file start.cif (mmCIF, C-alpha atoms)
data_coords
loop_
_atom_site.label_atom_id
_atom_site.label_comp_id
_atom_site.auth_asym_id
_atom_site.auth_seq_id
_atom_site.Cartn_x
_atom_site.Cartn_y
_atom_site.Cartn_z
CA MET C 143 -8.39 -49.21 20.99
CA ASP C 144 -5.91 -47.61 18.58
CA THR C 145 -6.58 -44.43 16.62
CA ASN C 146 -7.62 -46.16 13.40
CA MET C 147 -10.17 -48.25 15.25
CA ILE C 148 -11.64 -45.19 16.99
CA TYR C 149 -12.25 -43.40 13.70
CA MET C 150 -13.55 -46.58 12.04
CA GLN C 151 -16.01 -47.00 14.89
CA ARG C 152 -17.33 -43.55 14.07
CA CYS C 153 -17.74 -44.64 10.43
CA LEU C 154 -19.85 -47.58 11.59
CA GLN C 155 -21.98 -45.31 13.77
CA LEU C 156 -22.63 -42.99 10.85
CA ALA C 157 -23.37 -45.85 8.45
CA GLN C 158 -26.03 -47.24 10.79
CA ASN C 159 -28.11 -44.13 10.11
CA GLY C 160 -28.90 -45.53 6.66
CA LEU C 161 -30.47 -48.78 7.90
CA GLY C 162 -33.58 -49.57 5.89
CA ASN C 163 -33.05 -46.74 3.39
CA THR C 164 -29.96 -47.60 1.32
CA TYR C 165 -31.13 -50.79 -0.43
CA SER C 166 -29.83 -52.04 -2.81
CA ASN C 167 -26.66 -50.30 -1.68
CA PRO C 168 -24.77 -51.10 1.54
CA MET C 169 -24.64 -48.88 4.62
CA VAL C 170 -21.50 -46.77 4.56
CA GLY C 171 -20.08 -44.05 6.79
CA SER C 172 -16.93 -42.00 6.32
CA VAL C 173 -14.85 -39.53 8.31
CA ILE C 174 -11.92 -37.34 7.29
CA VAL C 175 -9.20 -36.68 9.85
CA TYR C 176 -6.59 -33.93 9.85
CA ASP C 177 -4.10 -33.42 12.68
CA HIS C 178 -6.00 -35.88 14.93
CA LYS C 179 -9.30 -34.05 14.45
CA ILE C 180 -12.37 -34.98 12.40
CA ILE C 181 -12.83 -32.20 9.85
CA GLY C 182 -15.52 -33.89 7.77
CA GLU C 183 -17.95 -36.80 7.92
CA GLY C 184 -20.90 -38.25 6.08
CA PHE C 185 -22.97 -41.35 5.40
CA HIS C 186 -24.92 -42.81 2.50
CA HIS C 187 -28.55 -41.77 2.93
CA LYS C 188 -30.33 -43.51 0.05
CA ALA C 189 -29.61 -45.45 -3.13
CA GLY C 190 -29.09 -43.07 -6.02
CA GLN C 191 -27.86 -40.29 -3.77
CA ALA C 192 -24.28 -39.33 -2.91
CA HIS C 193 -22.11 -41.97 -1.26
CA ALA C 194 -20.60 -41.56 2.20
CA GLU C 195 -17.13 -40.56 0.97
CA VAL C 196 -18.61 -37.87 -1.27
CA ASN C 197 -20.67 -36.43 1.58
CA ALA C 198 -17.64 -36.49 3.88
CA ILE C 199 -15.39 -34.71 1.35
CA HIS C 200 -18.05 -32.10 0.59
CA SER C 201 -18.49 -31.40 4.31
CA VAL C 202 -14.88 -30.24 4.68
CA LYS C 203 -14.79 -26.44 4.67
CA ASP C 204 -11.11 -25.97 3.82
CA LYS C 205 -10.52 -28.28 0.86
CA GLU C 206 -6.76 -27.65 0.98
CA LEU C 207 -6.62 -29.71 4.17
CA LEU C 208 -7.72 -32.80 2.22
CA LYS C 209 -4.19 -33.09 0.80
CA LYS C 210 -2.88 -33.67 4.33
CA SER C 211 -5.77 -35.78 5.66
CA THR C 212 -6.78 -39.41 6.09
CA LEU C 213 -10.16 -40.68 4.92
CA TYR C 214 -11.77 -43.51 6.87
CA VAL C 215 -14.61 -45.60 5.43
CA ASN C 216 -16.13 -48.90 6.59
CA LEU C 217 -16.45 -50.34 3.06
CA GLU C 218 -14.11 -50.22 0.09
CA PRO C 219 -14.79 -47.14 -2.08
CA CYS C 220 -16.51 -47.99 -5.37
CA ALA C 221 -14.62 -47.78 -8.65
CA HIS C 222 -17.50 -48.08 -11.13
CA TYR C 223 -20.06 -45.73 -12.62
CA GLY C 224 -23.54 -46.57 -11.32
CA LYS C 225 -26.18 -44.02 -10.41
CA THR C 226 -23.28 -41.87 -9.15
CA PRO C 227 -19.61 -41.49 -10.23
CA PRO C 228 -16.98 -43.68 -8.51
CA CYS C 229 -15.89 -42.57 -5.05
CA SER C 230 -12.31 -43.72 -5.63
CA LEU C 231 -12.02 -41.19 -8.46
CA LEU C 232 -13.16 -38.30 -6.25
CA ILE C 233 -10.80 -39.37 -3.45
CA LYS C 234 -7.92 -39.44 -5.94
CA GLU C 235 -8.86 -36.08 -7.48
CA SER C 236 -9.19 -34.52 -4.00
CA GLY C 237 -5.55 -35.35 -3.29
CA ILE C 238 -6.25 -37.35 -0.12
CA PRO C 239 -2.97 -39.22 0.55
CA LYS C 240 -4.23 -41.98 2.86
CA VAL C 241 -7.38 -44.10 3.09
CA VAL C 242 -8.30 -46.59 5.83
CA VAL C 243 -10.90 -49.21 4.88
CA GLY C 244 -12.96 -51.45 7.15
CA CYS C 245 -13.49 -54.30 4.66
CA THR C 246 -13.39 -55.01 0.96
CA ASP C 247 -16.56 -54.95 -1.12
CA THR C 248 -17.29 -58.41 -2.58
CA PHE C 249 -19.87 -57.01 -5.02
CA SER C 250 -18.51 -57.97 -8.46
CA GLU C 251 -18.53 -54.38 -9.74
CA VAL C 252 -16.13 -53.38 -6.95
CA ALA C 253 -14.28 -56.45 -5.54
CA GLY C 254 -10.92 -54.80 -4.90
CA LYS C 255 -11.02 -52.44 -7.87
CA GLY C 256 -11.52 -49.37 -5.68
CA ILE C 257 -8.48 -50.17 -3.55
CA GLU C 258 -6.44 -50.93 -6.69
CA MET C 259 -7.40 -47.59 -8.28
CA LEU C 260 -6.31 -45.69 -5.19
CA ARG C 261 -3.01 -47.52 -4.82
CA GLN C 262 -2.18 -47.02 -8.49
CA ALA C 263 -2.72 -43.31 -7.90
CA GLY C 264 -0.16 -43.37 -5.09
CA VAL C 265 -2.67 -43.32 -2.23
CA GLU C 266 -1.66 -45.29 0.86
CA VAL C 267 -4.48 -47.75 1.62
CA ILE C 268 -4.89 -49.73 4.84
CA VAL C 269 -7.53 -52.48 4.78
CA GLY C 270 -9.10 -54.57 7.55
CA VAL C 271 -9.62 -52.15 10.45
CA LEU C 272 -12.65 -53.45 12.41
CA GLU C 273 -13.21 -55.83 9.49
CA LYS C 274 -15.50 -58.20 11.41
CA GLU C 275 -17.68 -55.33 12.61
CA SER C 276 -17.76 -53.82 9.11
CA ARG C 277 -18.96 -57.07 7.58
CA GLU C 278 -21.51 -57.54 10.36
CA LEU C 279 -23.03 -54.12 9.70
CA ASN C 280 -23.64 -55.05 6.06
CA LYS C 281 -24.56 -58.70 6.66
CA ARG C 282 -27.59 -58.34 4.37
CA PHE C 283 -25.53 -56.93 1.52
CA PHE C 284 -22.79 -59.55 1.81
CA THR C 285 -25.23 -62.46 2.16
CA PHE C 286 -27.06 -61.32 -0.97
CA HIS C 287 -23.93 -61.04 -3.11
CA GLU C 288 -22.00 -64.01 -1.71
CA LYS C 289 -24.79 -66.55 -1.13
CA LYS C 290 -27.11 -65.32 -3.91
CA ARG C 291 -30.11 -65.08 -1.59
CA PRO C 292 -31.55 -62.62 0.93
CA TYR C 293 -30.48 -62.51 4.56
CA VAL C 294 -33.14 -64.53 6.41
CA ILE C 295 -34.42 -63.43 9.83
CA LEU C 296 -36.80 -65.77 11.67
CA LYS C 297 -39.13 -64.14 14.19
CA TRP C 298 -41.75 -65.53 16.52
CA ALA C 299 -43.20 -65.14 20.02
CA GLN C 300 -43.73 -68.10 22.33
CA THR C 301 -45.06 -68.72 25.80
CA LEU C 302 -43.08 -69.81 28.83
CA ASP C 303 -44.23 -73.38 28.14
CA GLY C 304 -43.26 -73.29 24.46
CA PHE C 305 -46.41 -72.51 22.44
CA ILE C 306 -46.93 -69.88 19.74
CA ASP C 307 -50.73 -70.08 19.62
CA ILE C 308 -53.76 -71.71 21.17
CA ASP C 309 -55.77 -74.29 19.24
CA ARG C 310 -58.16 -71.83 17.62
CA THR C 311 -61.51 -72.50 16.04
CA VAL C 312 -62.82 -70.50 13.08
CA GLU C 313 -64.80 -68.08 15.26
CA HIS C 314 -61.50 -66.97 16.83
CA TYR C 315 -59.81 -66.22 13.49
CA GLY C 316 -59.05 -62.66 12.41
CA GLN C 317 -56.81 -61.47 15.24
CA PRO C 318 -53.47 -62.85 16.48
CA THR C 319 -53.18 -64.46 19.87
CA TRP C 320 -51.06 -61.94 21.78
CA ILE C 321 -48.19 -63.35 23.81
CA THR C 322 -46.02 -60.27 24.32
CA ASN C 323 -46.85 -56.57 24.79
CA GLU C 324 -47.19 -53.18 23.08
CA ILE C 325 -43.48 -52.40 23.42
CA ALA C 326 -42.60 -55.63 21.61
CA LYS C 327 -45.18 -54.83 18.93
CA LYS C 328 -43.58 -51.43 18.24
CA LEU C 329 -40.15 -53.08 18.09
CA VAL C 330 -41.43 -55.57 15.51
CA HIS C 331 -42.77 -52.71 13.38
CA LYS C 332 -39.36 -51.03 13.63
CA TRP C 333 -37.75 -54.26 12.41
CA ARG C 334 -40.15 -54.37 9.48
CA SER C 335 -39.05 -50.87 8.44
CA GLU C 336 -35.43 -52.05 8.37
CA GLU C 337 -35.91 -55.09 6.11
CA GLN C 338 -36.97 -55.36 2.49
CA ALA C 339 -39.52 -58.17 2.75
CA ILE C 340 -41.73 -60.04 5.22
CA LEU C 341 -43.07 -63.58 4.73
CA VAL C 342 -45.93 -65.61 6.20
CA GLY C 343 -47.70 -68.82 5.30
CA THR C 344 -51.36 -69.59 4.61
CA ASN C 345 -52.37 -70.46 8.18
CA THR C 346 -50.95 -67.24 9.64
CA ALA C 347 -52.63 -65.14 6.94
CA VAL C 348 -56.00 -66.86 7.46
CA LYS C 349 -55.98 -67.01 11.26
CA ASP C 350 -54.33 -63.68 12.13
CA ASN C 351 -55.29 -61.59 9.08
CA PRO C 352 -52.09 -59.50 9.47
CA SER C 353 -51.39 -56.31 7.50
CA LEU C 354 -47.59 -56.84 7.72
CA THR C 355 -46.95 -53.09 7.47
CA THR C 356 -45.10 -50.53 9.61
CA ARG C 357 -48.17 -48.88 11.07
CA GLN C 358 -46.55 -48.19 14.43
CA TRP C 359 -43.16 -47.05 13.20
CA PRO C 360 -42.05 -44.48 10.58
CA GLY C 361 -40.38 -46.00 7.55
CA ASN C 362 -40.93 -48.05 4.45
CA ASN C 363 -43.35 -50.96 4.33
CA PRO C 364 -41.60 -54.21 3.47
CA LEU C 365 -42.64 -56.20 0.43
CA ARG C 366 -45.25 -58.67 1.69
CA ILE C 367 -44.77 -62.33 0.77
CA LEU C 368 -47.46 -64.98 1.15
CA ILE C 369 -47.16 -68.72 0.62
CA ASP C 370 -50.64 -69.77 -0.45
CA ARG C 371 -50.49 -73.05 -2.35
CA GLN C 372 -54.17 -73.47 -3.11
CA GLY C 373 -55.49 -69.92 -2.81
CA LYS C 374 -57.09 -70.42 0.60
CA VAL C 375 -56.55 -66.85 1.81
CA PRO C 376 -59.77 -64.85 1.19
CA ASN C 377 -59.50 -61.83 -1.11
CA GLY C 378 -60.85 -59.61 1.66
CA HIS C 379 -57.87 -60.28 3.94
CA HIS C 380 -55.37 -57.49 4.59
CA ILE C 381 -52.45 -59.18 2.85
CA LEU C 382 -54.39 -59.13 -0.43
CA ASP C 383 -55.79 -55.61 -0.04
CA GLY C 384 -53.39 -54.06 -2.57
CA ALA C 385 -52.22 -51.47 -0.02
CA THR C 386 -48.56 -52.28 -0.67
CA ASP C 387 -46.49 -54.50 -2.95
CA THR C 388 -47.10 -58.20 -2.37
CA ILE C 389 -45.86 -61.50 -3.84
CA VAL C 390 -48.01 -64.63 -3.52
CA PHE C 391 -46.39 -68.01 -4.12
CA SER C 392 -48.98 -70.37 -5.55
CA ALA C 393 -49.23 -73.80 -7.13
CA GLN C 394 -52.03 -72.69 -9.41
CA LYS C 395 -51.80 -69.01 -10.26
CA ALA C 396 -49.39 -66.64 -12.02
CA GLY C 397 -49.73 -63.03 -13.09
CA VAL C 398 -50.16 -59.53 -11.68
CA HIS C 399 -53.25 -57.99 -10.10
CA GLY C 400 -52.61 -54.40 -9.05
CA LYS C 401 -49.78 -54.41 -6.52
CA THR C 402 -50.06 -58.18 -6.02
CA LYS C 403 -47.88 -60.50 -8.08
CA TYR C 404 -48.64 -64.23 -8.21
CA VAL C 405 -45.64 -66.50 -8.76
CA GLN C 406 -46.13 -70.18 -9.53
CA ILE C 407 -43.70 -72.62 -7.91
CA ASP C 408 -43.47 -76.42 -7.68
CA PHE C 409 -44.85 -77.50 -4.30
CA ARG C 410 -43.81 -81.11 -5.02
CA GLN C 411 -40.24 -79.95 -4.45
CA ASN C 412 -38.68 -78.11 -1.51
CA ILE C 413 -40.26 -74.67 -1.81
CA ILE C 414 -37.84 -72.69 0.39
CA PRO C 415 -34.92 -72.65 -2.11
CA GLN C 416 -37.39 -71.77 -4.89
CA ILE C 417 -38.75 -68.84 -2.87
CA LEU C 418 -35.29 -67.54 -2.01
CA HIS C 419 -34.29 -67.78 -5.67
CA VAL C 420 -37.26 -65.63 -6.69
CA LEU C 421 -36.53 -63.08 -3.93
CA TYR C 422 -32.92 -62.88 -5.09
CA ALA C 423 -34.12 -62.27 -8.66
CA HIS C 424 -36.26 -59.42 -7.28
CA GLN C 425 -33.10 -57.87 -5.73
CA LEU C 426 -34.32 -58.38 -2.17
CA GLN C 427 -31.45 -58.42 0.31
CA SER C 428 -33.41 -59.34 3.45
CA VAL C 429 -36.60 -61.03 4.57
CA ILE C 430 -38.28 -61.50 7.95
CA VAL C 431 -40.13 -64.78 8.29
CA GLU C 432 -42.98 -64.26 10.77
CA GLY C 433 -44.70 -67.62 10.60
CA GLY C 434 -46.37 -69.81 11.10
CA ARG C 435 -44.77 -72.78 12.74
CA GLN C 436 -44.59 -74.96 9.64
CA VAL C 437 -43.01 -72.24 7.53
CA LEU C 438 -40.48 -71.30 10.23
CA GLN C 439 -39.55 -74.94 10.78
CA SER C 440 -39.03 -75.41 7.03
CA PHE C 441 -36.40 -72.65 7.01
CA ILE C 442 -34.75 -74.17 10.10
CA ASP C 443 -34.75 -77.74 8.77
CA GLY C 444 -33.35 -76.57 5.44
CA ASN C 445 -30.61 -74.61 7.24
CA LEU C 446 -31.65 -71.56 5.22
CA TRP C 447 -31.73 -68.95 7.95
CA ASP C 448 -29.21 -66.46 9.30
CA GLU C 449 -30.73 -64.96 12.42
CA ALA C 450 -33.61 -65.71 14.78
CA ARG C 451 -35.36 -63.28 17.13
CA VAL C 452 -37.60 -65.01 19.64
CA PHE C 453 -39.84 -63.30 22.19
CA ILE C 454 -40.75 -65.29 25.30
CA GLY C 455 -43.88 -63.84 26.84
CA ASP C 456 -44.84 -63.96 30.51
CA VAL C 457 -47.77 -66.30 29.89
CA MET C 458 -48.55 -70.02 29.67
CA PHE C 459 -51.03 -71.79 27.35
CA ILE C 460 -50.68 -75.37 28.73
CA ASN C 461 -51.45 -76.67 25.23
CA GLY C 462 -51.78 -75.37 21.66
CA VAL C 463 -49.48 -74.92 18.65
CA GLU C 464 -45.90 -75.73 19.61
CA ALA C 465 -43.12 -73.28 18.84
CA PRO C 466 -40.52 -74.15 16.18
CA LYS C 467 -37.58 -76.28 17.34
CA LEU C 468 -34.29 -74.43 17.05
CA ASN C 469 -31.39 -76.04 18.89
CA VAL C 470 -29.19 -72.96 19.04
CA LEU C 471 -28.21 -71.02 22.14
CA PRO C 472 -28.88 -67.26 22.14
CA PHE C 473 -25.89 -64.97 21.78
CA HIS C 474 -27.82 -62.08 23.33
CA GLU C 475 -30.87 -61.63 25.55
CA GLU C 476 -32.75 -58.54 26.69
CA GLU C 477 -35.95 -57.58 28.46
CA VAL C 478 -38.75 -56.01 26.42
CA GLY C 479 -41.45 -54.97 28.86
CA ASN C 480 -42.54 -58.15 30.64
CA SER C 481 -41.16 -60.35 27.84
CA ARG C 482 -37.70 -61.71 27.14
CA LEU C 483 -36.12 -61.37 23.70
CA GLN C 484 -33.49 -63.85 22.53
CA TYR C 485 -31.24 -63.42 19.51
CA MET C 486 -29.74 -66.45 17.77
CA ARG C 487 -27.34 -66.69 14.82
CA ASN C 488 -26.73 -69.50 12.37
CA PHE C 489 -22.95 -69.49 12.51
CA SER C 490 -22.78 -72.54 10.24
CA MET C 491 -23.87 -70.23 7.39
CA GLN C 492 -21.06 -67.73 7.91
#
call {"tool": "encode", "arguments": {"input": "start.cif", "output": "structure tokens"}}
result
Amino acid sequence: MDTNMIYMQRCLQLAQNGLGNTYSNPMVGSVIVYDHKIIGEGFHHKAGQAHAEVNAIHSVKDKELLKKSTLYVNLEPCAHYGKTPPCSLLIKESGIPKVVVGCTDTFSEVAGKGIEMLRQAGVEVIVGVLEKESRELNKRFFTFHEKKRPYVILKWAQTLDGFIDIDRTVEHYGQPTWITNEIAKKLVHKWRSEEQAILVGTNTAVKDNPSLTTRQWPGNNPLRILIDRQGKVPNGHHILDGATDTIVFSAQKAGVHGKTKYVQIDFRQNIIPQILHVLYAHQLQSVIVEGGRQVLQSFIDGNLWDEARVFIGDVMFINGVEAPKLNVLPFHEEEVGNSRLQYMRNFSMQ
């Protein structure tokens, strides 16, 4: 690995610290190198606060060294005035002679303008160091701006014989049928804290009565999304308790009740593109789809998913509700307690 790649890898490590907190901004890390040593570094903590390059520059004790240093950053520095001044302007004013960029920013307000500003100021700019890794880190951000929809993560747990639930009767409603373990449950709550929204259908809401919050992990609750065509989910269920922001997609109802917003869509048409359009309009860059089977299969059949995370528990049901059918091989597998976790990607959408 050459020197530029080593320092860019550090930028990616720093940027990762902002996961779940920077929306609607991307995750960005930056390091400043003088005489083969890192003399400053920083990352973007939260939207509205200082960007990574600003934090890195401010962390350098001897500002005179900036005029002989190289700044590394995993995403093109911004060139527009938003909630903060443009980073490219500060880099230029600081006299930094060389900048190494992981990948360009396809957001229309940037889109090469930051690199152009720096080059016009006489700054040497190298672009494309660990470009694939830089785009992967901000897959939510790029999907949102390039595909005009949130990044879609499918998640479910299934048994060794391919079921996600038993055939439950009403007296067994109210609690999910556990297939995995407590470690997996904590991991799922961690995932929820990293994404902006979480979606379930009517059957899951009625049968499991989930809260869809991050009770077992520190972090933000995702926006809860419920597909409830005919208003079958009882008002007393957790998802309608008003504890956190919620959107309900309905065929009959529209309006706002406390923290719950009802959005009317046309269920005679394919609802998945309609839902993603509304989520995009709400500036949501990512959504976890947690079920049930029919909802998950609708995203799969419509080829409107980006990633799937599937737990396989150490249990068999013999019969019940079959798991969704996804004919994609996992690119990664790991053990989570006594369960196996498979990760799949929809490479046809990249």
call {"tool": "resolve_selection", "arguments": {"input": "start.cif", "expression": "the PyMOL selection byres ((chain C and resi 210-214) around 10)", "output": "JSON, numbers by chain"}}
result
{"C": [146, 147, 149, 150, 151, 152, 153, 171, 172, 173, 174, 175, 176, 177, 178, 179, 180, 181, 182, 183, 195, 198, 199, 205, 206, 207, 208, 209, 215, 216, 217, 218, 233, 237, 238, 239, 240, 241, 242, 243, 244, 266, 267, 268, 271]}
call {"tool": "residues_around", "arguments": {"input": "start.cif", "residues": "Tyr422 of chain C", "least_positions_apart": "3", "cutoff": "9 Å", "atoms": "only C-alpha atoms", "output": "PyMOL selection string"}}
result
chain C and resi 286+290-292+417-419+425-427
call {"tool": "residues_near_point", "arguments": {"input": "start.cif", "point": "(-48.8, -54.1, 9.0)", "cutoff": "12 Å", "atoms": "all atoms listed in the file", "output": "ChimeraX atom specification"}}
result
/C:327-328,330-335,339-341,347,350-366,380-381,383,385-386,432
call {"tool": "write_last_selection", "arguments": {"input": "start.cif", "atoms": "C-alpha atoms", "output": "PDB file, in the frame of the given file"}}
result
ATOM      1  CA  LYS C 327     -45.180 -54.830  18.930  1.00  0.00           C
ATOM      2  CA  LYS C 328     -43.580 -51.430  18.240  1.00  0.00           C
ATOM      3  CA  VAL C 330     -41.430 -55.570  15.510  1.00  0.00           C
ATOM      4  CA  HIS C 331     -42.770 -52.710  13.380  1.00  0.00           C
ATOM      5  CA  LYS C 332     -39.360 -51.030  13.630  1.00  0.00           C
ATOM      6  CA  TRP C 333     -37.750 -54.260  12.410  1.00  0.00           C
ATOM      7  CA  ARG C 334     -40.150 -54.370   9.480  1.00  0.00           C
ATOM      8  CA  SER C 335     -39.050 -50.870   8.440  1.00  0.00           C
ATOM      9  CA  ALA C 339     -39.520 -58.170   2.750  1.00  0.00           C
ATOM     10  CA  ILE C 340     -41.730 -60.040   5.220  1.00  0.00           C
ATOM     11  CA  LEU C 341     -43.070 -63.580   4.730  1.00  0.00           C
ATOM     12  CA  ALA C 347     -52.630 -65.140   6.940  1.00  0.00           C
ATOM     13  CA  ASP C 350     -54.330 -63.680  12.130  1.00  0.00           C
ATOM     14  CA  ASN C 351     -55.290 -61.590   9.080  1.00  0.00           C
ATOM     15  CA  PRO C 352     -52.090 -59.500   9.470  1.00  0.00           C
ATOM     16  CA  SER C 353     -51.390 -56.310   7.500  1.00  0.00           C
ATOM     17  CA  LEU C 354     -47.590 -56.840   7.720  1.00  0.00           C
ATOM     18  CA  THR C 355     -46.950 -53.090   7.470  1.00  0.00           C
ATOM     19  CA  THR C 356     -45.100 -50.530   9.610  1.00  0.00           C
ATOM     20  CA  ARG C 357     -48.170 -48.880  11.070  1.00  0.00           C
ATOM     21  CA  GLN C 358     -46.550 -48.190  14.430  1.00  0.00           C
ATOM     22  CA  TRP C 359     -43.160 -47.050  13.200  1.00  0.00           C
ATOM     23  CA  PRO C 360     -42.050 -44.480  10.580  1.00  0.00           C
ATOM     24  CA  GLY C 361     -40.380 -46.000   7.550  1.00  0.00           C
ATOM     25  CA  ASN C 362     -40.930 -48.050   4.450  1.00  0.00           C
ATOM     26  CA  ASN C 363     -43.350 -50.960   4.330  1.00  0.00           C
ATOM     27  CA  PRO C 364     -41.600 -54.210   3.470  1.00  0.00           C
ATOM     28  CA  LEU C 365     -42.640 -56.200   0.430  1.00  0.00           C
ATOM     29  CA  ARG C 366     -45.250 -58.670   1.690  1.00  0.00           C
ATOM     30  CA  HIS C 380     -55.370 -57.490   4.590  1.00  0.00           C
ATOM     31  CA  ILE C 381     -52.450 -59.180   2.850  1.00  0.00           C
ATOM     32  CA  ASP C 383     -55.790 -55.610  -0.040  1.00  0.00           C
ATOM     33  CA  ALA C 385     -52.220 -51.470  -0.020  1.00  0.00           C
ATOM     34  CA  THR C 386     -48.560 -52.280  -0.670  1.00  0.00           C
ATOM     35  CA  GLU C 432     -42.980 -64.260  10.770  1.00  0.00           C
TER      36      GLU C 432
END
call {"tool": "residues_around", "arguments": {"input": "start.cif", "residues": "Ile414 of chain C", "least_positions_apart": "2", "cutoff": "12 Å", "atoms": "all atoms listed in the file", "output": "short mmCIF file (atom, residue, chain, number, x, y, z; two decimals) with C-alpha atoms, in the coordinates of the input"}}
result
data_model
loop_
_atom_site.label_atom_id
_atom_site.label_comp_id
_atom_site.auth_asym_id
_atom_site.auth_seq_id
_atom_site.Cartn_x
_atom_site.Cartn_y
_atom_site.Cartn_z
CA ARG C 291 -30.11 -65.08 -1.59
CA PRO C 292 -31.55 -62.62 0.93
CA VAL C 294 -33.14 -64.53 6.41
CA LEU C 341 -43.07 -63.58 4.73
CA GLY C 343 -47.70 -68.82 5.30
CA ILE C 369 -47.16 -68.72 0.62
CA PHE C 391 -46.39 -68.01 -4.12
CA ILE C 407 -43.70 -72.62 -7.91
CA ASP C 408 -43.47 -76.42 -7.68
CA PHE C 409 -44.85 -77.50 -4.30
CA ARG C 410 -43.81 -81.11 -5.02
CA GLN C 411 -40.24 -79.95 -4.45
CA ASN C 412 -38.68 -78.11 -1.51
CA GLN C 416 -37.39 -71.77 -4.89
CA ILE C 417 -38.75 -68.84 -2.87
CA LEU C 418 -35.29 -67.54 -2.01
CA HIS C 419 -34.29 -67.78 -5.67
CA VAL C 420 -37.26 -65.63 -6.69
CA LEU C 421 -36.53 -63.08 -3.93
CA VAL C 431 -40.13 -64.78 8.29
CA GLN C 436 -44.59 -74.96 9.64
CA VAL C 437 -43.01 -72.24 7.53
CA LEU C 438 -40.48 -71.30 10.23
CA GLN C 439 -39.55 -74.94 10.78
CA SER C 440 -39.03 -75.41 7.03
CA PHE C 441 -36.40 -72.65 7.01
CA ILE C 442 -34.75 -74.17 10.10
CA ASP C 443 -34.75 -77.74 8.77
CA GLY C 444 -33.35 -76.57 5.44
CA ASN C 445 -30.61 -74.61 7.24
CA LEU C 446 -31.65 -71.56 5.22
CA TRP C 447 -31.73 -68.95 7.95
#
call {"tool": "resolve_selection", "arguments": {"input": "start.cif", "expression": "the PyMOL selection byres ((chain C and resi 282-285) around 8)", "output": "PDB file with C-alpha atoms, in the frame of the given file"}}
result
ATOM      1  CA  SER C 166     -29.830 -52.040  -2.810  1.00  0.00           C
ATOM      2  CA  ASN C 167     -26.660 -50.300  -1.680  1.00  0.00           C
ATOM      3  CA  PRO C 168     -24.770 -51.100   1.540  1.00  0.00           C
ATOM      4  CA  THR C 248     -17.290 -58.410  -2.580  1.00  0.00           C
ATOM      5  CA  PHE C 249     -19.870 -57.010  -5.020  1.00  0.00           C
ATOM      6  CA  ARG C 277     -18.960 -57.070   7.580  1.00  0.00           C
ATOM      7  CA  ASN C 280     -23.640 -55.050   6.060  1.00  0.00           C
ATOM      8  CA  LYS C 281     -24.560 -58.700   6.660  1.00  0.00           C
ATOM      9  CA  PHE C 286     -27.060 -61.320  -0.970  1.00  0.00           C
ATOM     10  CA  HIS C 287     -23.930 -61.040  -3.110  1.00  0.00           C
ATOM     11  CA  GLU C 288     -22.000 -64.010  -1.710  1.00  0.00           C
ATOM     12  CA  LYS C 289     -24.790 -66.550  -1.130  1.00  0.00           C
ATOM     13  CA  LYS C 290     -27.110 -65.320  -3.910  1.00  0.00           C
ATOM     14  CA  ARG C 291     -30.110 -65.080  -1.590  1.00  0.00           C
ATOM     15  CA  PRO C 292     -31.550 -62.620   0.930  1.00  0.00           C
ATOM     16  CA  TYR C 293     -30.480 -62.510   4.560  1.00  0.00           C
ATOM     17  CA  GLN C 427     -31.450 -58.420   0.310  1.00  0.00           C
ATOM     18  CA  SER C 428     -33.410 -59.340   3.450  1.00  0.00           C
TER      19      SER C 428
END
call {"tool": "atom_distance", "arguments": {"input": "start.cif", "atom1": "atom CA of Lys234 of chain C", "atom2": "atom CA of Gly270 of chain C"}}
result
20.3 Å
call {"tool": "closest_residue", "arguments": {"input": "start.cif", "among": "C:Gly304, C:Gly184, C:Gly479, C:Gly400", "to": "Arg435 of chain C", "atoms": "all atoms listed in the file"}}
result
C:Gly304
call {"tool": "resolve_selection", "arguments": {"input": "start.cif", "expression": "the PyMOL selection byres ((chain C and resi 449-463) around 7)", "output": "CSV table (one decimal) with C-alpha atoms, in the frame of the given file"}}
result
chain,number,residue,atom,x,y,z
C,294,VAL,CA,-33.1,-64.5,6.4
C,295,ILE,CA,-34.4,-63.4,9.8
C,296,LEU,CA,-36.8,-65.8,11.7
C,297,LYS,CA,-39.1,-64.1,14.2
C,298,TRP,CA,-41.8,-65.5,16.5
C,299,ALA,CA,-43.2,-65.1,20.0
C,300,GLN,CA,-43.7,-68.1,22.3
C,301,THR,CA,-45.1,-68.7,25.8
C,302,LEU,CA,-43.1,-69.8,28.8
C,303,ASP,CA,-44.2,-73.4,28.1
C,305,PHE,CA,-46.4,-72.5,22.4
C,306,ILE,CA,-46.9,-69.9,19.7
C,307,ASP,CA,-50.7,-70.1,19.6
C,308,ILE,CA,-53.8,-71.7,21.2
C,309,ASP,CA,-55.8,-74.3,19.2
C,321,ILE,CA,-48.2,-63.4,23.8
C,322,THR,CA,-46.0,-60.3,24.3
C,447,TRP,CA,-31.7,-69.0,8.0
C,448,ASP,CA,-29.2,-66.5,9.3
C,464,GLU,CA,-45.9,-75.7,19.6
C,465,ALA,CA,-43.1,-73.3,18.8
C,480,ASN,CA,-42.5,-58.2,30.6
C,481,SER,CA,-41.2,-60.4,27.8
C,482,ARG,CA,-37.7,-61.7,27.1
C,483,LEU,CA,-36.1,-61.4,23.7
C,484,GLN,CA,-33.5,-63.8,22.5
C,485,TYR,CA,-31.2,-63.4,19.5
C,486,MET,CA,-29.7,-66.4,17.8
C,487,ARG,CA,-27.3,-66.7,14.8
C,488,ASN,CA,-26.7,-69.5,12.4
call {"tool": "atom_distance", "arguments": {"input": "start.cif", "atom1": "atom CA of Val348 of chain C", "atom2": "atom CA of Gly397 of chain C"}}
result
21.8 Å
call {"tool": "atom_distance", "arguments": {"input": "start.cif", "atom1": "atom CA of Lys403 of chain C", "atom2": "atom CA of Leu368 of chain C"}}
result
10.3 Å
